[in-house]
Amino acid sequence: MSEASSAPQGSSLALTGRLDSAAATGLKETLEKALADHTAVSLDVSGVTYIGGLCLQLLLASGCSLFAPSEQVKEAYTLFGLAELLPE
């Protein structure tokens, strides 16, 4: 985890590695399963090294909150004009 960020109450799921088009199907299945089991899921994205557009769309569509964003996550959200959606 980074700095003082902490997981919100409820279920959390850690995502790691590259979230590129090759990872999209697995990410979709993981998110669907997590959301089927819980009403609110928080995603620990401290271990994410890359986010492509397709996986970014999946994260946004999931409605899950993010915590502990890695520098690569911050950069991707900024490049897509979505930096305001990241936690402080």
# chains A, B, ... in the order shown; residues from 1 in each chain; ligands from 1
call {"tool": "select_by_dssp", "arguments": {"residues": "range 10-82 of chain A", "states": "strand (DSSP E or B)", "output": "VMD selection string"}}
result
chain A and resid 11 to 19 41 to 51 65 to 67
call {"tool": "residues_around", "arguments": {"residues": "Val73 in chain A", "least_positions_apart": "5", "cutoff": "9 Å", "atoms": "only C-alpha atoms", "output": "PyMOL selection string"}}
result
chain A and resi 45-46+48-51+78+86
call {"tool": "residues_around", "arguments": {"residues": "range 11-23 of chain A", "least_positions_apart": "6", "cutoff": "9 Å", "atoms": "only C-alpha atoms", "output": "PDB file with N, CA and C atoms, in the first residue's frame"}}
result
ATOM      1  N   LEU A  31     -14.181  -9.196 -11.275  1.00  0.00           N
ATOM      2  CA  LEU A  31     -15.072  -8.148 -10.773  1.00  0.00           C
ATOM      3  C   LEU A  31     -16.505  -8.658 -10.640  1.00  0.00           C
ATOM      4  N   ALA A  34     -16.689 -10.901  -7.544  1.00  0.00           N
ATOM      5  CA  ALA A  34     -16.591 -10.114  -6.311  1.00  0.00           C
ATOM      6  C   ALA A  34     -17.875  -9.333  -6.060  1.00  0.00           C
ATOM      7  N   HIS A  38     -20.684  -9.500  -2.857  1.00  0.00           N
ATOM      8  CA  HIS A  38     -20.692  -8.346  -1.963  1.00  0.00           C
ATOM      9  C   HIS A  38     -21.376  -7.167  -2.655  1.00  0.00           C
ATOM     10  N   THR A  39     -21.983  -6.320  -1.877  1.00  0.00           N
ATOM     11  CA  THR A  39     -22.626  -5.146  -2.465  1.00  0.00           C
ATOM     12  C   THR A  39     -21.633  -4.035  -2.746  1.00  0.00           C
ATOM     13  N   ALA A  40     -20.602  -3.910  -1.927  1.00  0.00           N
ATOM     14  CA  ALA A  40     -19.588  -2.875  -2.125  1.00  0.00           C
ATOM     15  C   ALA A  40     -18.208  -3.526  -2.095  1.00  0.00           C
ATOM     16  N   VAL A  41     -17.424  -3.239  -3.115  1.00  0.00           N
ATOM     17  CA  VAL A  41     -16.078  -3.787  -3.205  1.00  0.00           C
ATOM     18  C   VAL A  41     -15.110  -2.633  -3.418  1.00  0.00           C
ATOM     19  N   SER A  42     -14.038  -2.627  -2.653  1.00  0.00           N
ATOM     20  CA  SER A  42     -12.970  -1.647  -2.819  1.00  0.00           C
ATOM     21  C   SER A  42     -11.777  -2.355  -3.438  1.00  0.00           C
ATOM     22  N   LEU A  43     -11.156  -1.701  -4.391  1.00  0.00           N
ATOM     23  CA  LEU A  43     -10.041  -2.309  -5.116  1.00  0.00           C
ATOM     24  C   LEU A  43      -8.718  -1.682  -4.693  1.00  0.00           C
ATOM     25  N   ASP A  44      -7.812  -2.520  -4.207  1.00  0.00           N
ATOM     26  CA  ASP A  44      -6.453  -2.096  -3.881  1.00  0.00           C
ATOM     27  C   ASP A  44      -5.668  -2.152  -5.182  1.00  0.00           C
ATOM     28  N   VAL A  45      -5.305  -0.999  -5.715  1.00  0.00           N
ATOM     29  CA  VAL A  45      -4.608  -0.939  -6.997  1.00  0.00           C
ATOM     30  C   VAL A  45      -3.151  -0.512  -6.821  1.00  0.00           C
ATOM     31  N   SER A  46      -2.608  -0.751  -5.627  1.00  0.00           N
ATOM     32  CA  SER A  46      -1.219  -0.377  -5.362  1.00  0.00           C
ATOM     33  C   SER A  46      -0.229  -1.225  -6.159  1.00  0.00           C
ATOM     34  N   GLY A  47      -0.627  -2.431  -6.561  1.00  0.00           N
ATOM     35  CA  GLY A  47       0.263  -3.322  -7.298  1.00  0.00           C
ATOM     36  C   GLY A  47       0.060  -3.317  -8.805  1.00  0.00           C
ATOM     37  N   VAL A  48      -0.767  -2.399  -9.303  1.00  0.00           N
ATOM     38  CA  VAL A  48      -1.028  -2.330 -10.739  1.00  0.00           C
ATOM     39  C   VAL A  48       0.099  -1.560 -11.421  1.00  0.00           C
ATOM     40  N   THR A  49       0.681  -2.157 -12.476  1.00  0.00           N
ATOM     41  CA  THR A  49       1.808  -1.540 -13.173  1.00  0.00           C
ATOM     42  C   THR A  49       1.415  -0.888 -14.495  1.00  0.00           C
ATOM     43  N   TYR A  50       0.187  -1.154 -14.969  1.00  0.00           N
ATOM     44  CA  TYR A  50      -0.278  -0.581 -16.235  1.00  0.00           C
ATOM     45  C   TYR A  50      -1.787  -0.767 -16.322  1.00  0.00           C
ATOM     46  N   ILE A  51      -2.484   0.247 -16.838  1.00  0.00           N
ATOM     47  CA  ILE A  51      -3.912   0.114 -17.127  1.00  0.00           C
ATOM     48  C   ILE A  51      -4.152   0.574 -18.553  1.00  0.00           C
ATOM     49  N   GLY A  52      -4.717  -0.317 -19.361  1.00  0.00           N
ATOM     50  CA  GLY A  52      -5.128   0.037 -20.714  1.00  0.00           C
ATOM     51  C   GLY A  52      -6.578   0.513 -20.715  1.00  0.00           C
ATOM     52  N   GLY A  53      -7.001   1.044 -21.832  1.00  0.00           N
ATOM     53  CA  GLY A  53      -8.341   1.606 -21.939  1.00  0.00           C
ATOM     54  C   GLY A  53      -9.462   0.631 -21.648  1.00  0.00           C
ATOM     55  N   LEU A  54      -9.351  -0.591 -22.113  1.00  0.00           N
ATOM     56  CA  LEU A  54     -10.414  -1.577 -21.906  1.00  0.00           C
ATOM     57  C   LEU A  54     -10.569  -1.917 -20.420  1.00  0.00           C
ATOM     58  N   CYS A  55      -9.467  -2.142 -19.740  1.00  0.00           N
ATOM     59  CA  CYS A  55      -9.542  -2.452 -18.303  1.00  0.00           C
ATOM     60  C   CYS A  55      -9.974  -1.223 -17.507  1.00  0.00           C
ATOM     61  N   LEU A  56      -9.587  -0.059 -17.946  1.00  0.00           N
ATOM     62  CA  LEU A  56     -10.047   1.153 -17.283  1.00  0.00           C
ATOM     63  C   LEU A  56     -11.567   1.255 -17.383  1.00  0.00           C
TER      64      LEU A  56
END
